[in-house]
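Heads up, the thing below is written out as C-alpha cells.
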Amino acid sequence: MLRLTCPYCGAAADETELTPGGEAHLTRHGPGSSDEAFEGYLFLRKNPYGVHFERWRHAHGCGKWFHAARDTRSLQVFGTYSAQVTRPPQDIIDRIAATHPGFDWEAGQ
Amino acid sequence: MSFRLETGGRLIDRGAPRRFAFDGVECTGFAGDTLAAALLANDHMMVGRSFKYHRPRGLVASGVEEPNALVGLGIGGRFEPNQRATMTELFDGLVAESQNRFPSLAFDVGAVNARLARFLPAGFYYKTFLWPRAFWKHVYEPVIRQSAGLGQAPTETDPDAYEHFHAHVDLLVIGGGIAGLQAALSAAQSGAQVLLIEQTAHWGGRAPVDGVIVDGMPAGAWVAQTVAALQAMDNVHLRLRMQGTGVFDHGYVLAHERLTDHAPDAPGPRHRLWKIRAQQIVTATGAIERPLAFPGNDVPGVMLASAMRDYVVNWAVAPGRRTVVVTNNDDAYRTALALLDAGLEVPAILDARDAADGPLPQQARARGIPVRTGRAVVKVKGTTRVKGVGIGNAGGIGLATDTIACDAVAMSGGWSPVVHLWSHCGGKLTWDNTHAMFRPDPDRAPTGADGQPFVHVAGSANGALHATDCLDDAARAAVAAAAALGHQITAQPPRADAPAEAPMQPVWVMPGRASPAQRMKMFLDYQNDVKVSDVQLAAREGYESVEHTKRYTTLGMATDQGKLSNINGLAILADSLGAEIPQVGTTTFRPPYTPLTFGAIAGEARGDLFQPVRKTPMHDWHTEQGAVFEPVGQWRRPYAYPRKGESRAQAVQREVSNTRENVGLLDASTLGKLLVTGPDAAEFLDRVYTNMMSTLKPGRCRYGLMCSENGFLMDDGVVARLSEDSFLCHTTSGGAEHVHAHLEEWLQTEWWDLKVHVINLTEQFAQVAVVGPKARVLLDRLGGMDLSREALSFMGWVEGELAGIPARVYRISFSGELSFEVAVPAGQGRAFWDACLDAGADLGVAPYGTEALHIMRAEKGFIMIGDETDGTVIPQDLGLDWAVSKKKADFIGKRAQERVHMTDPDRWKLVGLETLDGSVLPDGAYAVDDGLNANGQCNTQGRVTSTYHSPTLGRGIAMGLVRHGPDRMGEVLNFMRTDGRTQPARIVSPVFYDPEGEKQNV
C-alpha cells in the first residue's frame, strides 16, 4: 500500500485514505474537438512501467486533489504537487532525471 | 509405530497432561505439544488423505510448510477446516477431525482414485470435461463439485472477536530464530524502535534443536539470554505467535497474531491483524528443507529429516523405532545422531553423494551407523505406514539391491531459503549453485518511496545456512538496516559453533534413471498429488513457462503454496526442457505467506460494525410504526409501513391510494443537498448540468440532469436558486457524496479559476414531502406561511415558519399530486413530522414509503436514476432532450453525446408498456426480435426498466427502452419471461396518469 504525502495538508496518507484519479496532465477536449482528440482525452491512458504522473484525491482527509510523480516499478515517489498546474514543478523533474538520465517530460506528453 | 520417548522433550511439560480428541477418539498429550506432536505420540502416523488420489498421508514436516496434516479443528461456530496440526498448540479439550476421507480415515471410498491414478494425470480435468458441451452443467459440474474442495466450510457464526491494530516502527524484524534475535539486538543498540515477531510460540528457531553452540553456551541458553536482553530494552517490542504475512509497497506489512488459539478460554480477541508501517524490514524467516523425490516418498512415516529431529528433541516423540536416513547433504546426519541420542535405531544412512567425509558423517560412522554413499531409496514398502525400504544405486534405474526393514524414513534434499517476504514487494532472486537454491539478490532489493532498499534478509533466509555464517549475516543485515535509518552501528555478533558441512549435491529424482512407473510414485506436491511424472508430462505437452506448468499440474497451488517442493518441481521442469534452473525461474511469491483467517481480515467490521448506517431524524418513528426498511446507499429508508394484518404489497397499494386521494408524508431527508455558492456558481452549474441553470431566477426551482464526461446520465434532481450567487442542488439519495466528489473534481482539477465552493448540507436538513390533494389544507393548519397557489406557484420555493419551525418550502412534485417538500433544521425534523401527523389526522394523513414513491413516479412517467439508467443511457434515450441545452457551448458530456453511437437513431428509447391482460411485466425482461444472434440467442429490441402494479389504474404498468420506441406507439412486443414463455405488451406513452399535469397545478 502506497503512502503519499498530501501537498496541501502535509499528511503522509496511506493509499486507503486516498482515491485514485488516473493519469495527470490531460488536456480536456470538449465540443468542436475531433473524434481522435476526444478519444485520446477520454479513453487513451499511459500505463508505464516506470515514471508516471498521477492524480490522487485526499478523499478521507482534507479532500484536495493533488498530483504525484512516481516510478511504478521501483515505487519511488519523486514528489507530490498541486493539481492546479499544467506541468510538474522543475524540482520534481530534476529529481526524476537524477535516477532516470535523459528523462524528458515534454517528450512524454 | 510412533510413540512418546521416556525422557527428553525441551518444549513439553510432562507434569501437565492435556486431553484431546482426534476423529472422536480420546487422546492425551502434554502442555507444550503441538497437535502434530501429540498425534504422533498417540501413534496417529496417518493423519489425512490426499486431495486427488485419497492416498494415506502422514506428517512430513513440523512447521508451517506441513502439507498433509490438515485437520478440521473445533466444533460449532468455532469449527475451522484445513488447520495445520503442526502449528496448532495443544490445549485441554481440543477437538480435531481428519479431512478428505469418507466414511473414515482408515476406510476411505475415494481411495479408489489412487488405483485410477494412471488415468488421472496432469490436465485430466481440462482434457476430459471439455466435451460434449451439453454435459457441462448437469453431468460434469455436479461430479466435480462433489470431489472439489478440501475440508468442510463452517456453517455457524464465528463467536470469536478479531481486531485490527496499526503500528509504526523504525525496524521490523520478522523471524525469531538466532538470526532474527541477533539482528534485533544489534539494531536496537542504535535506539531505533524495533518490533521483533515470531510465528511460533518459541524463540530460537532451529538452533537449539541442531545443537549449535553460541558464545560458548548451548543455543537455547543464548536465546533465553538474548530474549531477556531485548525485553529489557524500552525501544524493542517482541511478539510470539505472530506471522509476517505479506510485505507491501512503502514498508507496509501485514502480520497475523494468534492470541488465544492455544488458550481458547482466555479473554480478548482471538486474532489480531497488524498493519505495520516499517521504515526498514529485516526478514529472518529461515529456510525450509526439501523432500527427496523417490518412489513412495509419501507413505506415512516418510518425513523431512529436520522435522524428525524436531519431534524427537522438542517433544520427545519418535516417528519410529528404526529410521533409515536418506540424504544428499551433511545436515541430515544430525537427525541420525539425534535419533541415536534418543535411544532409537538407525540401520543405515543412504547418501546419494559418492563421498561423505565431513565431520558429521564421520561422527555417524564412529557411532556405528552404516553410511552407504552413492545409494538411494528406490522403493518404500507399506501403504498406510512404512515397513521397509528398497535400496539401489543413486544414479541407477531403480533396481533394489537389498532391502532394510524400518518403520520410518528421514529424508533431506537440501534447503530452500524462505524468500517469500523478500519477493512480495519486488525483491529478485539469484541462483546459488553451491546449495542448489534460490536466495535473495542483494542488488535487486525491494525499494521504497525514496527509491532505496527497505528489506534486508538475515541468516538462513539469505542462504547463510551454517550457524556461524548465519549470525554474521544477521549482524550485517542489522548494520545495513540501521544505516538506512540514519544510524551508524558496529555489530559484534557472538561466534556460533557447529560442525563444518561438506557441499550438498542436487538430487531432483531418486534414483536418477527411474522408470516411468517409479516416477508416478514420486510426489512433489503432497497436498495436490503432483508427481514427477506430471511435471514431465506437462513439459512434453509443451508447457515451458513455470507459471503455466504450475496451473496445468496444480504444483504449488494447494494451501501450502508449494513451500516444500516448488524448487524440486521447477528443477524437474528445467531438466525436462533441457534448460538451466535459473532460466526457468520461480513462480510468483504472493501474500499471504500462510493462510490467515477471514475473521482476522474482517476484524471488527462485522455485524452492526460492518459499515455505518445512516438514519434520518424521523428514523425512530418509522421503526416504531413497524416500517420495513430498504438500504439506499448507507441510508435505511422505509420501503412501506404495513399495518396489522397487511402484507407489504397491500401496504404499498394503500399508501399510493391514500396519497392520491388524501395526503401522504414521505421522509425525503435522505435526498442529497449540495450548496453551490460563489460569484461563478451559475456559470459552474451551466457546465455541470445539461440544462441552463444561469437563467433560473432566485425563488425558483428547476429539474436538472447531470452527465459524466462520457455523456451518460449520472444523477438528477431539483436545483433551487437561493440567491444571485447561491444554489441548492438536490441529488438522488445514494448520489450525494458521489456528486459532491464529481463537482469538487471539476472545480479543483479543471476549472480552478472559477470562484465557487460546494458544501454538502444533506444531513443539516430534514425534508418532508407533503403530497396529495389535501396537502395544502394540512400545511395551512400548521400556520405561519401563505402557501396558496398565488403565493407559491409550481416550481417555486419560499422561506418562513411552519408550526413555529423555520422552514423552506419547495413546490415540486415527483408524484403528479399537489406537493410541497418542506426542509426544516434536522434537529426539528421529528417535531415537524409529528406536527404534520397531528394536523392531518382527520384528513387521512399517512406516511408512504419508497415503493409507493416509485409507483407514483412511474404512473407519471418520471425516470429514476438506477432504474431507467444503468451507466449506458443518455438523456436523449429517455426523451429528456428538453433538459439538454442546445444553446450552451459546453457542458460535461456534451462532446460525448455528439459521438456517432450516441446519435444513432437505432438507440433504444423510453416508452410506456402495458400488458394486454393487465398483469405485471417481469422486471428486466427483454423484448425479443426476429432472428438469432451469433451465439444462437434471440435478437432483442428492448427491455423493461421499471414495472409495477398500479393501484390507481388497477393494472400493471411498466417503462422500458425500445428500439425506435416512441415511433411505434400501439405496437405489441413479446417479452421473455423467466419460465421461457413470452408475455405480450403494448407500447404506450410513459405517462399513465394525469398526462396534462392538472393535479399538481391546483
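Ordering of the C-alpha cells sets the chain letters (A, B, ...); residue numbers start at 1 within each chain; ligands are numbered from 1 in the order shown.
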As a PDB file with C-alpha atoms, in the first residue's frame, could you give me every residue of chain A near chain B (at most 10 Å apart, counting only C-alpha atoms)?
```pdb
ATOM      1  CA  MET A   1       0.000   0.000   0.000  1.00  0.00           C
ATOM      2  CA  LEU A   2       1.493   3.254  -1.190  1.00  0.00           C
ATOM      3  CA  ARG A   3       1.978   6.195   1.090  1.00  0.00           C
ATOM      4  CA  LEU A   4       1.802   9.654  -0.435  1.00  0.00           C
ATOM      5  CA  ASP A  14      -1.997   5.625   3.263  1.00  0.00           C
ATOM      6  CA  GLU A  15      -3.397   4.650  -0.092  1.00  0.00           C
ATOM      7  CA  GLY A  21      -7.763   9.616 -10.379  1.00  0.00           C
ATOM      8  CA  ALA A  24      -2.393  13.521 -14.657  1.00  0.00           C
ATOM      9  CA  HIS A  25      -1.857  16.457 -17.025  1.00  0.00           C
ATOM     10  CA  LEU A  26      -4.547  15.509 -19.526  1.00  0.00           C
ATOM     11  CA  THR A  27      -5.834  18.249 -21.767  1.00  0.00           C
ATOM     12  CA  ARG A  28      -9.604  18.387 -21.943  1.00  0.00           C
ATOM     13  CA  HIS A  29     -11.134  18.235 -25.397  1.00  0.00           C
ATOM     14  CA  GLY A  30     -14.718  19.485 -25.495  1.00  0.00           C
ATOM     15  CA  PRO A  31     -17.253  20.375 -28.172  1.00  0.00           C
ATOM     16  CA  GLY A  32     -15.637  21.119 -31.512  1.00  0.00           C
ATOM     17  CA  SER A  33     -12.746  18.722 -30.992  1.00  0.00           C
ATOM     18  CA  SER A  34     -12.000  15.972 -33.481  1.00  0.00           C
ATOM     19  CA  ASP A  35     -13.048  12.417 -32.747  1.00  0.00           C
ATOM     20  CA  PHE A  38     -11.631  13.409 -27.929  1.00  0.00           C
ATOM     21  CA  GLU A  39     -10.885   9.691 -27.917  1.00  0.00           C
ATOM     22  CA  LEU A  42     -11.462  10.368 -22.784  1.00  0.00           C
ATOM     23  CA  PHE A  43     -10.082   6.869 -23.232  1.00  0.00           C
ATOM     24  CA  ARG A  55      -3.930  12.264  -9.923  1.00  0.00           C
ATOM     25  CA  ARG A  57      -7.507  12.883  -4.017  1.00  0.00           C
ATOM     26  CA  ALA A  59     -10.608  11.897  -0.044  1.00  0.00           C
ATOM     27  CA  GLY A  63     -10.435  16.477   0.330  1.00  0.00           C
ATOM     28  CA  LYS A  64      -7.932  18.067  -2.030  1.00  0.00           C
ATOM     29  CA  TRP A  65      -6.888  16.690  -5.381  1.00  0.00           C
ATOM     30  CA  PHE A  66      -3.149  16.612  -5.965  1.00  0.00           C
ATOM     31  CA  HIS A  67      -0.624  15.163  -8.377  1.00  0.00           C
ATOM     32  CA  ARG A  70       6.358   8.227  -9.043  1.00  0.00           C
ATOM     33  CA  ASP A  71       8.022   5.210 -10.560  1.00  0.00           C
ATOM     34  CA  ARG A  73       8.435  -0.139 -11.000  1.00  0.00           C
ATOM     35  CA  SER A  74      10.648   0.928  -8.095  1.00  0.00           C
ATOM     36  CA  LEU A  75       7.758   2.574  -6.224  1.00  0.00           C
ATOM     37  CA  GLN A  76       9.959   5.621  -5.700  1.00  0.00           C
ATOM     38  CA  VAL A  77       7.937   8.792  -5.181  1.00  0.00           C
ATOM     39  CA  PHE A  78       9.583  11.833  -6.724  1.00  0.00           C
ATOM     40  CA  GLY A  79       7.123  14.211  -5.186  1.00  0.00           C
ATOM     41  CA  SER A  82      -0.677  20.899  -6.759  1.00  0.00           C
ATOM     42  CA  ALA A  83      -3.259  19.575  -9.188  1.00  0.00           C
ATOM     43  CA  GLN A  84      -3.708  23.126 -10.463  1.00  0.00           C
ATOM     44  CA  VAL A  85      -0.701  23.197 -12.745  1.00  0.00           C
ATOM     45  CA  THR A  86      -0.253  22.019 -16.314  1.00  0.00           C
ATOM     46  CA  THR A  99      17.612   8.468 -11.337  1.00  0.00           C
TER      47      THR A  99
END
```
Please report, as a ChimeraX atom specification, each residue of segment 224-432 of chain B to which DSSP assigns helix (DSSP H, G or I) when run on this structure's backbone. /B:224-231,249-251,305-315,333-341,359-366,420-424
Take the residues from that selection and write them out as an mmCIF file, in the first residue's frame, keeping C-alpha atoms.
```
data_model
loop_
_atom_site.group_PDB
_atom_site.id
_atom_site.type_symbol
_atom_site.label_atom_id
_atom_site.label_comp_id
_atom_site.auth_asym_id
_atom_site.auth_seq_id
_atom_site.Cartn_x
_atom_site.Cartn_y
_atom_site.Cartn_z
ATOM 1 C CA ALA B 224 16.999 -17.085 26.599
ATOM 2 C CA GLN B 225 19.706 -14.568 27.479
ATOM 3 C CA THR B 226 19.171 -12.580 24.284
ATOM 4 C CA VAL B 227 15.391 -12.514 24.636
ATOM 5 C CA ALA B 228 15.835 -11.230 28.207
ATOM 6 C CA ALA B 229 18.199 -8.527 26.973
ATOM 7 C CA LEU B 230 15.722 -7.463 24.285
ATOM 8 C CA GLN B 231 12.827 -7.441 26.725
ATOM 9 C CA ASP B 249 4.544 -1.049 -1.006
ATOM 10 C CA HIS B 250 6.451 1.513 1.020
ATOM 11 C CA GLY B 251 7.179 -0.685 4.018
ATOM 12 C CA ALA B 305 14.950 -35.169 8.409
ATOM 13 C CA SER B 306 14.780 -31.814 10.177
ATOM 14 C CA ALA B 307 11.165 -32.398 11.178
ATOM 15 C CA MET B 308 12.009 -35.761 12.656
ATOM 16 C CA ARG B 309 14.781 -34.108 14.656
ATOM 17 C CA ASP B 310 12.270 -31.515 15.876
ATOM 18 C CA TYR B 311 9.800 -34.152 17.019
ATOM 19 C CA VAL B 312 12.465 -36.080 18.899
ATOM 20 C CA VAL B 313 14.256 -33.132 20.505
ATOM 21 C CA ASN B 314 11.396 -30.686 21.096
ATOM 22 C CA TRP B 315 8.572 -33.029 22.005
ATOM 23 C CA TYR B 333 23.276 -36.688 9.680
ATOM 24 C CA ARG B 334 22.220 -34.542 12.651
ATOM 25 C CA THR B 335 18.914 -36.388 12.570
ATOM 26 C CA ALA B 336 20.635 -39.754 12.655
ATOM 27 C CA LEU B 337 22.687 -38.629 15.634
ATOM 28 C CA ALA B 338 19.646 -37.196 17.416
ATOM 29 C CA LEU B 339 17.807 -40.488 16.920
ATOM 30 C CA LEU B 340 20.745 -42.375 18.401
ATOM 31 C CA ASP B 341 20.837 -39.946 21.319
ATOM 32 C CA PRO B 359 32.674 -34.174 10.498
ATOM 33 C CA LEU B 360 29.010 -35.158 10.799
ATOM 34 C CA PRO B 361 29.278 -38.298 8.624
ATOM 35 C CA GLN B 362 32.461 -39.206 10.472
ATOM 36 C CA GLN B 363 30.628 -38.856 13.769
ATOM 37 C CA ALA B 364 27.811 -41.064 12.499
ATOM 38 C CA ARG B 365 30.246 -43.740 11.394
ATOM 39 C CA ALA B 366 32.090 -43.522 14.702
ATOM 40 C CA HIS B 420 8.550 -15.065 0.210
ATOM 41 C CA LEU B 421 8.562 -11.811 2.156
ATOM 42 C CA TRP B 422 11.559 -10.547 0.210
ATOM 43 C CA SER B 423 9.771 -11.309 -3.038
ATOM 44 C CA HIS B 424 6.304 -9.941 -2.231
#
```
If you count only C-alpha atoms, which residues fall within 9 Å of Gly827 of chain B, apart from same-chain ones fewer than 6 positions away, as a list in words?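 Near neighbours after the sequence-gap exclusion: Pro617, Gln764, Phe765 and Ala766 of chain B.
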Excluding Gly871 of chain B and residues on its chain fewer than 4 positions from it, collect all residues at most 10 Å away from it, counting only C-alpha atoms, and give them as a list in words. Cys707, Ser708, Asn710, Gly711, Phe712, Leu713, Met714, Ile865 and Gly866 of chain B
What would the file look like if the residues just selected were written as a short mmCIF file (atom, residue, chain, number, x, y, z; two decimals), in the first residue's frame with N, CA and C atoms?
```cif
data_model
loop_
_atom_site.label_atom_id
_atom_site.label_comp_id
_atom_site.auth_asym_id
_atom_site.auth_seq_id
_atom_site.Cartn_x
_atom_site.Cartn_y
_atom_site.Cartn_z
N CYS B 707 -24.57 14.69 -16.31
CA CYS B 707 -23.96 13.58 -17.05
C CYS B 707 -22.48 13.50 -16.71
N SER B 708 -21.91 12.34 -16.95
CA SER B 708 -20.47 12.21 -16.83
C SER B 708 -19.85 12.67 -18.15
N ASN B 710 -18.35 11.12 -20.31
CA ASN B 710 -18.60 10.26 -21.46
C ASN B 710 -20.06 10.29 -21.90
N GLY B 711 -20.84 11.23 -21.36
CA GLY B 711 -22.15 11.53 -21.89
C GLY B 711 -23.31 10.84 -21.20
N PHE B 712 -23.01 9.86 -20.36
CA PHE B 712 -24.09 9.07 -19.77
C PHE B 712 -24.71 9.77 -18.57
N LEU B 713 -26.00 9.55 -18.41
CA LEU B 713 -26.74 10.19 -17.33
C LEU B 713 -26.28 9.63 -15.99
N MET B 714 -25.96 10.56 -15.07
CA MET B 714 -25.32 10.17 -13.82
C MET B 714 -26.23 10.43 -12.63
N ILE B 865 -33.08 7.37 -11.55
CA ILE B 865 -31.68 7.01 -11.76
C ILE B 865 -31.45 5.61 -11.18
N GLY B 866 -30.87 4.73 -11.95
CA GLY B 866 -30.64 3.37 -11.46
C GLY B 866 -31.69 2.39 -11.95
#
```
What does the structure give for the distance between atom CA of Ala480 of chain B and atom CA of Pro101 of chain A, in Å to one decimal?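 These two atoms are separated by 26.9 Å.
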Find the spatial neighbours of Lys563 of chain B, counting only C-alpha atoms, within a cut-off of 9 Å - ignore same-chain residues fewer than 4 positions away - and output them as a list in words. Val64, Glu65, Glu66, Pro67, Ile288, Arg290, Ser416, Val418, Gly556 and Ile567 of chain B
Got a sec: who's within 9 Å of segment 542-551 of chain B, counting only C-alpha atoms, leaving out chain neighbours fewer than 3 positions off, as a PDB file with C-alpha atoms, in the first residue's frame?
```pdb
ATOM      1  CA  VAL B 535       5.624 -32.210 -14.429  1.00  0.00           C
ATOM      2  CA  LEU B 537       4.119 -34.762 -18.901  1.00  0.00           C
ATOM      3  CA  ALA B 538       3.431 -31.030 -18.823  1.00  0.00           C
ATOM      4  CA  ALA B 539       6.840 -30.379 -20.349  1.00  0.00           C
ATOM      5  CA  THR B 554      -1.548 -27.625  -9.834  1.00  0.00           C
ATOM      6  CA  LEU B 555       2.001 -27.870  -8.465  1.00  0.00           C
ATOM      7  CA  GLY B 556       2.215 -25.445  -5.566  1.00  0.00           C
ATOM      8  CA  MET B 557      -1.423 -24.418  -5.771  1.00  0.00           C
ATOM      9  CA  GLY B 569       9.287 -29.217  -9.373  1.00  0.00           C
ATOM     10  CA  LEU B 570      10.912 -26.466 -11.346  1.00  0.00           C
ATOM     11  CA  LEU B 573      10.745 -28.933 -15.400  1.00  0.00           C
ATOM     12  CA  ALA B 574      14.113 -27.367 -16.257  1.00  0.00           C
ATOM     13  CA  LEU B 577      13.094 -28.756 -21.079  1.00  0.00           C
ATOM     14  CA  VAL B 584      13.122 -21.475 -15.834  1.00  0.00           C
ATOM     15  CA  GLY B 585      12.792 -19.317 -12.730  1.00  0.00           C
ATOM     16  CA  THR B 586      10.262 -19.489  -9.954  1.00  0.00           C
ATOM     17  CA  THR B 587       6.566 -18.872  -9.803  1.00  0.00           C
ATOM     18  CA  THR B 588       5.497 -15.604  -8.213  1.00  0.00           C
TER      19      THR B 588
END
```
Write out as a VMD selection string which residues come within 10 Å of Gly108 of chain A when counting only C-alpha atoms, dropping same-chain ones fewer than 2 positions away. chain A and resid 46 52 103 to 106
Return the single residue from B:Leu273, B:Ala232, B:Val299, B:Ala263 that is closest to Ile601 of chain B, with distances computed using only C-alpha atoms.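 Between B:Leu273, B:Ala232, B:Val299, B:Ala263, the residue approaching Ile601 of chain B most closely is B:Leu273.
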What does the distance between atom CA of Ala68 of chain A and atom CA of Gly40 of chain A come to in Å, to one decimal place? 21.4 Å
Atom CA of Pro516 of chain B sits from atom CA of Asn328 of chain B at a separation of 22.5 Å
Extract the full set of strand (DSSP E) residues from chain A according to DSSP on the backbone, and format it as a PyMOL selection string. chain A and resi 3-5+12-14+19-23+51-57+65-71+77-82
Export of prior selection with C-alpha atoms as a PDB file, in the first residue's frame:
```
ATOM      1  CA  ARG A   3       1.978   6.195   1.090  1.00  0.00           C
ATOM      2  CA  LEU A   4       1.802   9.654  -0.435  1.00  0.00           C
ATOM      3  CA  THR A   5       2.178  12.999   1.280  1.00  0.00           C
ATOM      4  CA  ALA A  12       1.529  11.228   4.931  1.00  0.00           C
ATOM      5  CA  ALA A  13      -1.531   9.344   3.770  1.00  0.00           C
ATOM      6  CA  ASP A  14      -1.997   5.625   3.263  1.00  0.00           C
ATOM      7  CA  THR A  19      -8.868   7.868  -4.098  1.00  0.00           C
ATOM      8  CA  PRO A  20      -7.019   7.410  -7.380  1.00  0.00           C
ATOM      9  CA  GLY A  21      -7.763   9.616 -10.379  1.00  0.00           C
ATOM     10  CA  GLY A  22      -5.619   8.102 -13.099  1.00  0.00           C
ATOM     11  CA  GLU A  23      -3.203   9.875 -15.343  1.00  0.00           C
ATOM     12  CA  VAL A  51       7.909   7.114 -14.353  1.00  0.00           C
ATOM     13  CA  HIS A  52       4.274   8.128 -14.143  1.00  0.00           C
ATOM     14  CA  PHE A  53       2.289  11.223 -13.202  1.00  0.00           C
ATOM     15  CA  GLU A  54      -0.932  10.507 -11.392  1.00  0.00           C
ATOM     16  CA  ARG A  55      -3.930  12.264  -9.923  1.00  0.00           C
ATOM     17  CA  TRP A  56      -4.935  11.449  -6.368  1.00  0.00           C
ATOM     18  CA  ARG A  57      -7.507  12.883  -4.017  1.00  0.00           C
ATOM     19  CA  TRP A  65      -6.888  16.690  -5.381  1.00  0.00           C
ATOM     20  CA  PHE A  66      -3.149  16.612  -5.965  1.00  0.00           C
ATOM     21  CA  HIS A  67      -0.624  15.163  -8.377  1.00  0.00           C
ATOM     22  CA  ALA A  68       2.058  12.575  -7.648  1.00  0.00           C
ATOM     23  CA  ALA A  69       5.124  11.731  -9.689  1.00  0.00           C
ATOM     24  CA  ARG A  70       6.358   8.227  -9.043  1.00  0.00           C
ATOM     25  CA  ASP A  71       8.022   5.210 -10.560  1.00  0.00           C
ATOM     26  CA  VAL A  77       7.937   8.792  -5.181  1.00  0.00           C
ATOM     27  CA  PHE A  78       9.583  11.833  -6.724  1.00  0.00           C
ATOM     28  CA  GLY A  79       7.123  14.211  -5.186  1.00  0.00           C
ATOM     29  CA  THR A  80       3.534  15.357  -4.849  1.00  0.00           C
ATOM     30  CA  TYR A  81       2.320  18.739  -6.007  1.00  0.00           C
ATOM     31  CA  SER A  82      -0.677  20.899  -6.759  1.00  0.00           C
TER      32      SER A  82
END
```
